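Trainee: Structure supplied as structure10.csv; contents: CSV, C-alpha atoms and all ligand atoms.
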```
chain,number,residue,atom,x,y,z
A,167,MET,CA,18.1,13.4,-16.2
A,168,HIS,CA,18.6,14.4,-19.8
A,169,SER,CA,19.4,11.8,-22.4
A,170,SER,CA,20.0,11.9,-26.2
A,171,VAL,CA,19.5,9.1,-28.7
A,172,ILE,CA,21.4,9.3,-32.0
A,173,THR,CA,19.6,8.2,-35.1
A,174,PHE,CA,21.8,7.0,-38.0
A,175,PRO,CA,20.5,6.0,-41.4
A,176,GLY,CA,19.5,2.4,-40.8
A,177,SER,CA,19.0,2.6,-37.0
A,178,ASN,CA,15.8,0.7,-36.1
A,179,CYS,CA,15.8,0.7,-32.3
A,180,ASP,CA,16.1,4.4,-31.8
A,181,ARG,CA,12.4,4.9,-31.2
A,182,ASP,CA,12.2,1.9,-28.9
A,183,VAL,CA,15.0,3.4,-26.7
A,184,ASP,CA,13.3,6.8,-26.8
A,185,VAL,CA,10.1,5.2,-25.5
A,186,ALA,CA,12.0,3.2,-22.8
A,187,LEU,CA,14.0,6.2,-21.6
A,188,LYS,CA,11.0,8.4,-21.3
A,189,LYS,CA,8.9,5.7,-19.6
A,190,PHE,CA,11.4,5.7,-16.8
A,191,GLY,CA,11.8,9.4,-16.4
A,192,PHE,CA,14.5,10.6,-18.8
A,193,LYS,CA,13.9,13.8,-20.7
A,194,ASN,CA,15.1,12.4,-24.0
A,195,LYS,CA,16.0,14.2,-27.3
A,196,MET,CA,16.5,12.5,-30.6
A,197,VAL,CA,19.7,13.6,-32.5
A,198,TRP,CA,20.3,13.2,-36.2
A,199,HIS,CA,23.7,11.7,-37.2
A,200,ASP,CA,24.4,14.7,-39.4
A,201,ASP,CA,24.0,17.2,-36.5
A,202,VAL,CA,27.2,18.6,-35.1
A,203,GLU,CA,26.3,19.4,-31.5
A,204,LEU,CA,24.9,17.2,-28.7
A,205,PRO,CA,22.1,18.6,-26.6
A,206,LYS,CA,22.8,18.9,-22.9
A,207,SER,CA,22.9,15.2,-21.9
A,208,ASP,CA,23.6,13.1,-18.8
A,209,LEU,CA,23.5,10.0,-21.0
A,210,VAL,CA,24.0,9.5,-24.8
A,211,VAL,CA,22.6,6.3,-26.3
A,212,LEU,CA,23.7,4.8,-29.6
A,213,PRO,CA,20.8,2.5,-30.5
A,214,GLY,CA,20.6,-0.8,-32.3
A,215,GLY,CA,20.0,-1.3,-36.0
A,216,PHE,CA,21.8,-1.6,-39.2
A,217,SER,CA,23.5,1.8,-39.6
A,218,TYR,CA,24.5,2.4,-43.2
A,219,GLY,CA,23.2,-1.1,-44.0
A,220,ASP,CA,26.1,-2.7,-42.0
A,221,TYR,CA,28.5,-1.8,-45.0
A,222,LEU,CA,31.7,-2.1,-44.7
A,223,ARG,CA,31.6,-3.6,-41.3
A,224,CYS,CA,28.8,-3.1,-38.8
A,225,GLY,CA,29.2,0.3,-37.2
A,226,SER,CA,32.2,1.4,-39.2
A,227,MET,CA,30.6,4.1,-41.3
A,228,ALA,CA,28.4,5.4,-38.5
A,229,SER,CA,31.6,5.8,-36.4
A,230,LYS,CA,32.7,8.4,-38.9
A,231,SER,CA,29.5,10.4,-39.0
A,232,LYS,CA,29.4,14.1,-38.0
A,233,ILE,CA,27.8,13.7,-34.6
A,234,MET,CA,30.4,11.2,-33.5
A,235,LYS,CA,33.0,13.9,-33.1
A,236,SER,CA,30.9,15.4,-30.3
A,237,VAL,CA,30.1,12.0,-28.9
A,238,LEU,CA,33.9,11.3,-28.7
A,239,ASN,CA,34.5,14.6,-27.0
A,240,PHE,CA,31.7,14.0,-24.6
A,241,ALA,CA,32.9,10.5,-23.7
A,242,GLN,CA,36.6,11.6,-23.4
A,243,GLY,CA,35.4,14.3,-21.0
A,244,GLY,CA,33.8,11.6,-18.8
A,245,GLY,CA,30.2,11.8,-20.3
A,246,LYS,CA,28.1,8.6,-20.1
A,247,VAL,CA,27.7,6.9,-23.5
A,248,MET,CA,25.8,3.6,-23.8
A,249,GLY,CA,25.7,1.6,-27.1
A,250,ILE,CA,23.2,-1.2,-27.6
A,251,CYS,CA,23.9,-3.8,-30.2
A,252,ASN,CA,24.7,-1.8,-33.3
A,253,GLY,CA,25.5,1.0,-30.9
A,254,PHE,CA,28.1,-1.3,-29.3
A,255,GLN,CA,29.5,-2.0,-32.8
A,256,ILE,CA,29.8,1.7,-33.4
A,257,LEU,CA,31.6,2.2,-30.1
A,258,VAL,CA,34.2,-0.4,-30.9
A,259,GLU,CA,34.6,1.0,-34.4
A,260,SER,CA,35.1,4.5,-33.0
A,261,GLY,CA,37.8,3.3,-30.6
A,262,LEU,CA,35.9,4.2,-27.5
A,263,LEU,CA,35.7,0.5,-26.5
A,264,PRO,CA,38.3,-2.2,-27.0
A,265,GLY,CA,37.8,-5.3,-29.2
A,266,VAL,CA,35.6,-6.1,-32.3
A,267,LEU,CA,32.3,-7.8,-32.9
A,268,LEU,CA,32.7,-10.7,-35.4
A,269,ARG,CA,30.1,-12.8,-37.1
A,270,ASN,CA,28.2,-15.1,-34.8
A,271,LYS,CA,30.0,-18.5,-34.4
A,272,TYR,CA,27.4,-20.5,-36.4
A,273,LEU,CA,27.0,-17.8,-39.1
A,274,GLU,CA,23.3,-17.3,-38.3
A,275,PHE,CA,21.4,-14.2,-37.3
A,276,ILE,CA,20.3,-14.9,-33.7
A,277,CYS,CA,17.0,-13.5,-32.4
A,278,LYS,CA,16.0,-14.8,-29.0
A,279,ASN,CA,15.9,-14.1,-25.3
A,280,VAL,CA,19.0,-14.8,-23.3
A,281,PHE,CA,20.2,-14.3,-19.7
A,282,VAL,CA,23.1,-12.1,-18.8
A,283,LYS,CA,25.0,-11.7,-15.6
A,284,VAL,CA,26.2,-8.3,-14.3
A,285,ASN,CA,29.9,-8.7,-13.6
A,286,ASN,CA,30.8,-5.3,-12.3
A,287,LYS,CA,28.7,-2.9,-10.2
A,288,ASP,CA,31.6,-0.5,-9.4
A,289,ASN,CA,30.3,2.0,-12.0
A,290,SER,CA,27.5,4.5,-12.6
A,291,TYR,CA,25.4,2.1,-14.7
A,292,PHE,CA,24.9,-0.8,-12.3
A,293,LYS,CA,26.1,0.5,-8.9
A,294,ASP,CA,22.9,0.1,-6.8
A,295,ASP,CA,21.5,-2.7,-8.9
A,296,LYS,CA,19.7,-5.3,-6.8
A,297,LYS,CA,19.6,-7.7,-9.7
A,298,ASP,CA,22.5,-9.8,-10.9
A,299,ILE,CA,20.9,-11.8,-13.7
A,300,TYR,CA,18.7,-10.2,-16.4
A,301,GLU,CA,16.7,-11.8,-19.2
A,302,PHE,CA,17.2,-9.6,-22.3
A,303,HIS,CA,16.6,-10.0,-26.0
A,304,ILE,CA,19.3,-10.3,-28.6
A,305,ALA,CA,19.0,-9.9,-32.3
A,306,HIS,CA,22.3,-9.8,-34.2
A,307,ASN,CA,24.5,-11.2,-36.9
A,308,GLU,CA,27.7,-9.8,-35.6
A,309,GLY,CA,27.7,-10.2,-31.8
A,310,ASN,CA,30.7,-12.5,-31.3
A,311,TYR,CA,33.0,-10.4,-29.1
A,312,PHE,CA,36.7,-10.8,-29.8
A,313,CYS,CA,40.0,-9.1,-28.9
A,314,SER,CA,43.7,-9.8,-28.7
A,315,ASN,CA,45.4,-11.6,-25.8
A,316,GLU,CA,46.9,-8.3,-24.5
A,317,GLN,CA,43.5,-6.6,-24.7
A,318,ILE,CA,41.6,-9.4,-22.8
A,319,LYS,CA,44.2,-9.3,-20.1
A,320,GLU,CA,43.9,-5.5,-19.8
A,321,ILE,CA,40.0,-5.8,-19.8
A,322,ASN,CA,40.1,-8.4,-17.0
A,323,ASP,CA,42.8,-6.5,-15.0
A,324,ASN,CA,40.7,-3.3,-15.2
A,325,ASN,CA,37.4,-5.1,-14.5
A,326,GLN,CA,36.0,-3.9,-17.8
A,327,ILE,CA,33.6,-6.8,-18.4
A,328,ALA,CA,30.1,-5.4,-17.8
A,329,LEU,CA,27.9,-8.4,-18.7
A,330,PHE,CA,28.4,-12.1,-19.4
A,331,TYR,CA,26.0,-14.4,-21.2
A,332,SER,CA,24.9,-16.9,-18.6
A,333,ASP,CA,22.0,-19.2,-17.9
A,334,GLU,CA,19.2,-18.2,-15.6
A,335,ASN,CA,21.3,-19.4,-12.6
A,336,GLY,CA,24.3,-17.3,-13.6
A,337,ASN,CA,26.4,-20.2,-14.9
A,338,ILE,CA,28.8,-18.8,-17.5
A,339,ASN,CA,29.8,-21.6,-20.0
A,340,GLU,CA,29.7,-22.7,-23.6
A,341,GLN,CA,26.0,-23.7,-23.3
A,342,SER,CA,25.0,-20.2,-22.2
A,343,ASN,CA,27.1,-18.6,-25.0
A,344,PRO,CA,24.8,-17.8,-27.9
A,345,ASN,CA,27.3,-16.5,-30.4
A,346,GLY,CA,30.8,-17.6,-29.6
A,347,SER,CA,31.9,-14.4,-27.7
A,348,LEU,CA,35.2,-14.6,-26.0
A,349,GLN,CA,34.8,-15.5,-22.3
A,350,ASN,CA,30.9,-15.2,-22.8
A,351,ILE,CA,31.3,-11.4,-23.0
A,352,ALA,CA,27.9,-9.6,-23.7
A,353,GLY,CA,29.0,-6.1,-22.7
A,354,VAL,CA,32.2,-4.1,-21.9
A,355,PHE,CA,33.2,-0.8,-20.4
A,356,ASN,CA,36.0,1.5,-21.3
A,357,LYS,CA,38.7,1.8,-18.7
A,358,GLN,CA,37.0,4.8,-16.9
A,359,LYS,CA,33.6,2.9,-17.0
A,360,ASN,CA,31.7,5.9,-18.4
A,361,VAL,CA,31.3,4.2,-21.8
A,362,LEU,CA,29.2,0.9,-21.9
A,363,GLY,CA,28.6,-1.3,-24.9
A,364,MET,CA,26.2,-4.3,-24.7
A,365,MET,CA,24.8,-6.6,-27.4
A,366,PRO,CA,21.4,-7.3,-25.6
A,367,HIS,CA,18.5,-5.0,-26.0
A,368,PRO,CA,16.9,-4.0,-22.6
A,369,GLU,CA,14.5,-1.6,-24.4
A,370,ARG,CA,12.8,-4.7,-25.8
A,371,MET,CA,11.8,-5.9,-22.3
A,372,ILE,CA,9.8,-3.1,-20.9
A,373,ASP,CA,6.3,-4.5,-21.2
A,374,PRO,CA,4.9,-7.9,-20.3
A,375,ALA,CA,2.9,-7.8,-23.5
A,376,LEU,CA,6.2,-7.8,-25.5
A,377,SER,CA,8.5,-10.4,-23.9
A,378,GLY,CA,9.1,-9.4,-20.3
A,379,GLU,CA,10.0,-6.7,-17.9
A,380,ASP,CA,13.6,-7.1,-17.0
A,381,GLY,CA,14.4,-4.1,-19.2
A,382,SER,CA,12.0,-2.0,-17.0
A,383,ILE,CA,14.2,-3.0,-14.0
A,384,PHE,CA,17.3,-2.1,-15.9
A,385,PHE,CA,16.1,1.4,-17.0
A,386,GLU,CA,14.7,2.1,-13.5
A,387,ASN,CA,18.1,1.3,-12.0
A,388,LEU,CA,19.8,3.2,-14.7
A,389,ILE,CA,18.1,6.5,-14.0
A,390,ASN,CA,18.5,6.1,-10.2
A,391,ASN,CA,22.2,5.2,-10.6
A,392,LEU,CA,22.9,8.1,-12.8
A,393,LYS,CA,21.2,10.7,-10.5
B,1,LIG,N1,19.9,-5.4,-33.6
B,1,LIG,C1,21.0,-4.8,-34.0
B,1,LIG,O1,21.4,-3.7,-33.6
B,1,LIG,C2,21.7,-5.5,-35.1
B,1,LIG,C3,23.2,-5.2,-35.1
B,1,LIG,C4,24.0,-5.6,-36.3
B,1,LIG,N2,23.6,-4.8,-37.4
B,1,LIG,C5,24.0,-7.1,-36.5
B,1,LIG,O2,23.2,-7.7,-37.1
B,1,LIG,O3,24.9,-7.6,-35.9
```
Please, can you express the file's structure as C-alpha cells?
Ligand SMILES: NC(=O)CC[C@H](N)C(=O)O

Mentor:
Amino acid sequence: MHSSVITFPGSNCDRDVDVALKKFGFKNKMVWHDDVELPKSDLVVLPGGFSYGDYLRCGSMASKSKIMKSVLNFAQGGGKVMGICNGFQILVESGLLPGVLLRNKYLEFICKNVFVKVNNKDNSYFKDDKKDIYEFHIAHNEGNYFCSNEQIKEINDNNQIALFYSDENGNINEQSNPNGSLQNIAGVFNKQKNVLGMMPHPERMIDPALSGEDGSIFFENLINNLK
C-alpha cells in the first residue's frame, strides 16, 4: 500500500502521520505543497497543523496550494483522501467535503482525549473494523462542525457521517460533545465515501507511552481495509 502525506507551511502532524503509516505497513512518501504531481498512492493524507498560520480561515489558503489540484483530481477519480484535523479543514475549504468548521463553542482551544463512535462501516476506511468506539486525541480551535439544513439532510440521507463524538459507552449527547459540533459530528465522508475528514488524531494514539493505542487499531484496520 502506497500512501502520501502532504506537508503545507505550518503543518505539524505530518511527521507523526508518516511514522504511524509506516509503522502499520504503508510505504509512505512526503509531498511538499508546492509540488505539482502526486506520487503513486492508494491513500493521500492531509495532516493536522496550522497551515499558513490558520489565516484567513483554517485550511482556506492550503486549499489553494499547487498540490491541491492533483489531490482534487485524485479524489474526483475515486482516490482515497483522508484529512485529519487541519486536513479536514482543508478538505471542506476545497469543496471535497460538505460543511464548515467553526470556532469551538466555548471559544477555547481544546486539547484532550475523547471517544468517537464509528457510524458507517459501508466504506473502504472502516469496512472490517471490529471496533465501534475509539479513544482518540483532539487538539483544535476550530472543530465545531456546521452545515446548512439542506446539507445535513443530504449528509444523513447518504449516510455520510463517519464518526460521532460519544462517551466510552457510545452515548451521543451534549455531554459527549466537546466543541458544539452539529449532531456531535467528528468526521464526515463525501457522497462516494472515498474522501474522509475527521477532527480527532489517530496518529497520536499509536504508543502506550504516549496516550494509548486505539490509533494502532485504527491504522491496522485502515491498511487491511484498503487492501
Ligand atoms: N491540530 C490541528 O490540526 C489544529 C487545527 C486548526 N488549526 C485548529 O486549531 O482548529

Trainee: I'd like the interatomic distance between CA of Tyr221 (chain A) and CA of Leu267 (chain A), to a tenth of an Å.

Mentor: 14.0 Å

Trainee: Using all atoms listed in the file, pick whichever of A:Asn178, A:Asn307, A:Ser229, A:Asn285 has the shortest atom-to-atom distance to ligand LIG 1 (chain B).

Mentor: A:Asn307

Trainee: How close does each residue of chain A get to ligand LIG 1 (chain B), giving the shortest atom pair and distance in Å to one decimal for every residue with an atom at most 7 Å away, counting only C-alpha atoms and all ligand atoms, sorted by chain and residue number, as a Markdown table?

Mentor:
```
| residue | atom | partner | partner_atom | distance |
| --- | --- | --- | --- | --- |
| A:Pro213 | CA | B:LIG1 | O1 | 7.0 |
| A:Gly214 | CA | B:LIG1 | O1 | 3.3 |
| A:Gly215 | CA | B:LIG1 | O1 | 3.7 |
| A:Phe216 | CA | B:LIG1 | N2 | 4.1 |
| A:Ser217 | CA | B:LIG1 | N2 | 7.0 |
| A:Asp220 | CA | B:LIG1 | N2 | 5.6 |
| A:Cys224 | CA | B:LIG1 | N2 | 5.6 |
| A:Ile250 | CA | B:LIG1 | O1 | 6.7 |
| A:Cys251 | CA | B:LIG1 | O1 | 4.2 |
| A:Asn252 | CA | B:LIG1 | O1 | 3.8 |
| A:Gly253 | CA | B:LIG1 | O1 | 6.8 |
| A:Phe275 | CA | B:LIG1 | O2 | 6.7 |
| A:Ala305 | CA | B:LIG1 | N1 | 4.8 |
| A:His306 | CA | B:LIG1 | O2 | 3.7 |
| A:Asn307 | CA | B:LIG1 | O2 | 3.7 |
| A:Glu308 | CA | B:LIG1 | O3 | 3.6 |
| A:Gly309 | CA | B:LIG1 | O3 | 5.6 |
```

Trainee: Mind giving me the straight-line distance from CA of Glu320 (chain A) to CA of Leu238 (chain A) in Å, one decimal?

Mentor: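 A separation of 21.5 Å between them.
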
Trainee: Which of these residues is nearest to Ile276 (chain A), using only C-alpha atoms: A:Val202, A:Pro366, A:Leu212, A:Phe384?

Mentor: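 Between A:Val202, A:Pro366, A:Leu212, A:Phe384, the residue approaching Ile276 (chain A) most closely is A:Pro366.
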
Trainee: Could you list, with a cut-off of 10 Å and counting all atoms listed in the file, the residues of region 267-301 of chain A near region 351-363 of chain A, each shown with its nearest atom pair and the distance in Å rounded to one decimal, rows sorted by chain and ascending number, as a tab-separated table?

Mentor:
```
residue	atom	partner	partner_atom	distance
A:Phe281	CA	A:Ala352	CA	9.9
A:Val282	CA	A:Ala352	CA	7.3
A:Lys283	CA	A:Ala352	CA	8.9
A:Val284	CA	A:Gly353	CA	9.1
A:Asn285	CA	A:Gly353	CA	9.5
A:Asn286	CA	A:Phe355	CA	9.6
A:Asp288	CA	A:Lys359	CA	8.6
A:Asn289	CA	A:Lys359	CA	6.1
A:Ser290	CA	A:Asn360	CA	7.3
A:Tyr291	CA	A:Leu362	CA	8.2
```

Trainee: What separation in Å, quoted to one decimal, exists between CA of Gly346 (chain A) and CA of Asp380 (chain A)?

Mentor: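 Separating CA of Gly346 (chain A) from CA of Asp380 (chain A) is a distance of 23.8 Å.
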
Trainee: Nearest to Asn335 (chain A): which of A:Met364, A:Ser231, A:Glu369, A:Asp298 is it, counting all atoms listed in the file?

Mentor: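 Nearest to Asn335 (chain A): A:Asp298.
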
Trainee: When distances are computed from only C-alpha atoms, which of A:Asp373, A:Glu203, A:Asp208, A:Asp182 shows the smallest separation from Lys235 (chain A)?

Mentor: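 Closest to Lys235 (chain A), using only C-alpha atoms: A:Glu203.
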
Trainee: Skipping near chain neighbours, those fewer than 2 positions away, what residues fall within 12 Å of Asn239 (chain A) using all atoms listed in the file, listed as a ChimeraX atom specification?

Mentor: /A:202-204,210,233-237,241-247,260,262

Trainee: Please determine, counting all atoms listed in the file, which residue among A:Ser170, A:Gln349, A:Ser382, A:Gln255 has the shortest atom-to-atom distance to Lys193 (chain A).

Mentor: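 Of the candidates, the smallest distance to Lys193 (chain A) is held by A:Ser170.
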
Trainee: Considering all atoms listed in the file, can you say which of A:Lys278, A:Lys287, A:Lys271, A:Lys206 comes closest to His367 (chain A)?

Mentor: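 Answer, going by the shortest atom-to-atom distance: A:Lys278.
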